[in-house]
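Report on one structure; see the data block that follows.
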Amino acid sequence: MKAVFIASMVPVQGPTIISLNPDDYLSNKEKEEVALISMPVGGKEGEFCSVSLNNYHACSILTVLPPIDEELDTRDTPTSIGFLLDPYENPIPYKNLIEDFIEKCKTHGIFTLDFLKKAHPELFKLQNSTSIKIPFGESSSFNISITGR
């Protein structure tokens with residue numbers, strides 16, 4: 001794994017990488033490219049996207065969050081959570097991980113952009129581990145694991 005990202009359909013701007021860890025991994029041009037491919041036109045919630053680009057492989061799942069900025073747009077916000085992988089790394093374990101992460105966030109009622117931004121650096125810890133604890137609230141957390149990579 002090279003990086004973790006969150007892309008959203010930002011009102012007025014369009015598809016935009018709103019969080020990247022490490023934050024300097026991509027150039028601005030590459031950020032635009034990844035944002036566009038991870039938010040396919042006509043994509044539906046839960047769809048998996050896996051595309052090879054330059055020196056990495058982008059894999060992400062399209063989901064929907066509450067509106068980012070209700071003053072500009074009151075509709076739910078299409079958002080993509082994904083990983084940038086080595087070119088020949090198997091994306092399926094990451095797909096399964098993202099699905100599990102989204103499900104656990106929804107189950108705990110914490111599936112918001114603010115929480116995703118807080119949890120995002122934790123996901124990058126999977127670079128050196130197969131299991132991590134995602135903290136939320138005062139003293140709550142859940143575990144997610146990646147297998148088969």
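Residue numbering restarts at 1 in every chain; chains get A, B, ... in the order shown in the structure tokens, and ligands count up from 1 in that same order.
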Notebook entry, point to check: If you count only C-alpha atoms, which residues fall within 10 Å of Thr130 of chain A, apart from same-chain ones fewer than 2 positions away, as number ranges by chain?
Noted result: A: 125-128, 132, 144-149
Check: Residues at most 6 Å from Ser8 of chain A, counting only C-alpha atoms, excluding those fewer than 6 positions away in the same chain, as a list in words?
Finding: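 The neighbour list is Pro15, Thr16, Pro78 and Thr79 of chain A.
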Selection above as a file: C-alpha atoms, as a tab-separated table (two decimals), in the first residue's frame:
chain	number	residue	atom	x	y	z
A	15	PRO	CA	-14.62	15.50	-7.78
A	16	THR	CA	-11.85	16.40	-5.33
A	78	PRO	CA	-21.02	11.00	-3.41
A	79	THR	CA	-17.74	10.01	-1.76
Next item on the list: Please identify which residues in segment 21-79 of chain A DSSP calls strand (DSSP E) from the backbone, and express them as a ChimeraX atom specification.
Entry: /A:21,48-53,56-65,77-79
Checklist line | Using only C-alpha atoms: which of A:Ala58, A:Leu97, A:Leu65, A:Leu84 has the shortest distance to Phe115 of chain A | finding: A:Leu65
Check: With only C-alpha atoms as the atoms that count, which of A:Asp114, A:Pro93, A:Pro66, A:Gln13 lies nearest to Glu32 of chain A?
Finding: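 Of A:Asp114, A:Pro93, A:Pro66, A:Gln13, the one nearest Glu32 of chain A is A:Gln13, counting only C-alpha atoms.
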Note to self: Rounded to one decimal, what separation in Å do you get between atom CA of Phe48 of chain A and atom CA of Leu62 of chain A?
What the structure shows: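 Calculated distance between atom CA of Phe48 of chain A and atom CA of Leu62 of chain A is 6.6 Å.
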Find the residues near segment 98-113 of chain A: any atom within 12 Å, counting only C-alpha atoms, skip ones fewer than 5 places away on the same chain, and give them as a short mmCIF file (atom, residue, chain, number, x, y, z; two decimals) with C-alpha atoms, in the first residue's frame.
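The result, written out as selection_27.cif:
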data_model
loop_
_atom_site.label_atom_id
_atom_site.label_comp_id
_atom_site.auth_asym_id
_atom_site.auth_seq_id
_atom_site.Cartn_x
_atom_site.Cartn_y
_atom_site.Cartn_z
CA VAL A 4 -5.09 6.10 1.43
CA PHE A 5 -7.51 8.69 0.05
CA ILE A 6 -11.01 10.11 0.34
CA ALA A 7 -12.53 11.84 -2.68
CA SER A 8 -15.86 13.66 -2.69
CA MET A 9 -18.08 15.47 -5.12
CA VAL A 10 -17.45 18.93 -3.67
CA ILE A 18 -10.29 15.88 0.29
CA SER A 19 -7.93 13.71 2.32
CA GLU A 45 -23.32 3.39 -4.03
CA GLY A 46 -21.26 0.32 -3.20
CA GLU A 47 -19.57 0.06 -6.61
CA PHE A 48 -15.91 -0.94 -6.59
CA CYS A 49 -13.46 0.83 -8.89
CA CYS A 59 -8.94 0.95 -5.84
CA SER A 60 -11.95 2.51 -4.14
CA ILE A 61 -15.58 2.07 -3.21
CA LEU A 62 -18.19 4.68 -4.02
CA THR A 63 -20.50 5.57 -1.16
CA VAL A 64 -22.78 8.40 -0.09
CA LEU A 65 -22.38 10.75 2.89
CA PRO A 66 -24.67 13.43 4.30
CA PRO A 67 -24.25 16.79 2.49
CA ILE A 68 -20.79 18.38 2.81
CA ASP A 69 -22.10 21.95 2.57
CA ASP A 76 -26.16 13.64 -0.14
CA THR A 77 -22.51 13.74 -1.22
CA PRO A 78 -21.02 11.00 -3.41
CA THR A 79 -17.74 10.01 -1.76
CA SER A 80 -15.07 7.47 -2.55
CA ILE A 81 -12.80 5.78 -0.01
CA GLY A 82 -9.75 4.12 -1.47
CA PHE A 83 -6.17 2.97 -1.49
CA PRO A 91 -7.03 -4.96 -4.78
CA ILE A 92 -9.66 -7.44 -3.50
CA PRO A 93 -8.44 -7.55 0.13
CA LYS A 118 -10.31 11.51 11.63
CA ALA A 119 -10.16 7.77 10.88
CA HIS A 120 -8.31 8.19 7.60
CA GLU A 122 -5.62 5.08 11.05
CA LEU A 123 -6.33 3.25 7.77
CA LEU A 126 -2.50 -1.01 7.67
CA SER A 131 -5.37 -5.32 11.92
CA ILE A 132 -6.06 -1.91 13.42
CA LYS A 133 -8.36 -0.38 16.01
CA ILE A 134 -10.49 2.58 14.89
CA PRO A 135 -11.35 4.79 17.89
CA PHE A 136 -14.56 6.80 18.05
CA GLY A 137 -16.31 8.65 20.84
CA SER A 140 -15.33 3.26 21.94
CA SER A 141 -13.56 1.58 19.04
CA PHE A 142 -13.90 -1.17 16.48
CA ASN A 143 -11.36 -3.42 14.81
CA ILE A 144 -10.86 -3.97 11.11
CA SER A 145 -8.49 -6.42 9.46
CA ILE A 146 -7.09 -7.07 6.05
CA THR A 147 -6.50 -10.64 4.90
#
Next item on the list: Taking the chain letters and numbering used in this document, name the residues of segment 1-69 of chain A that DSSP puts in helix (DSSP H, G or I), as an MDAnalysis selection string.
Entry: chainID A and resid 28:38
Item checked: Nearest residue to Glu33 of chain A from the set A:Leu85, A:Ser129, A:Asn54, A:Met1 (distances using only C-alpha atoms) ->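 So, comparing all the options, the nearest one is A:Asn54.
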Checklist line | Residue with smallest distance to Ser50 of chain A - pool A:Arg75, A:Lys2, A:Lys95, A:Lys29, counting only C-alpha atoms | finding: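 For Ser50 of chain A, the nearest of the candidates is A:Lys95.
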Item checked: For Tyr88 of chain A, the nearest of the candidates A:Ile17, A:Tyr56, A:Glu71, A:Pro121, counting only C-alpha atoms ->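 Counting only C-alpha atoms, the residue closest to Tyr88 of chain A is A:Tyr56.
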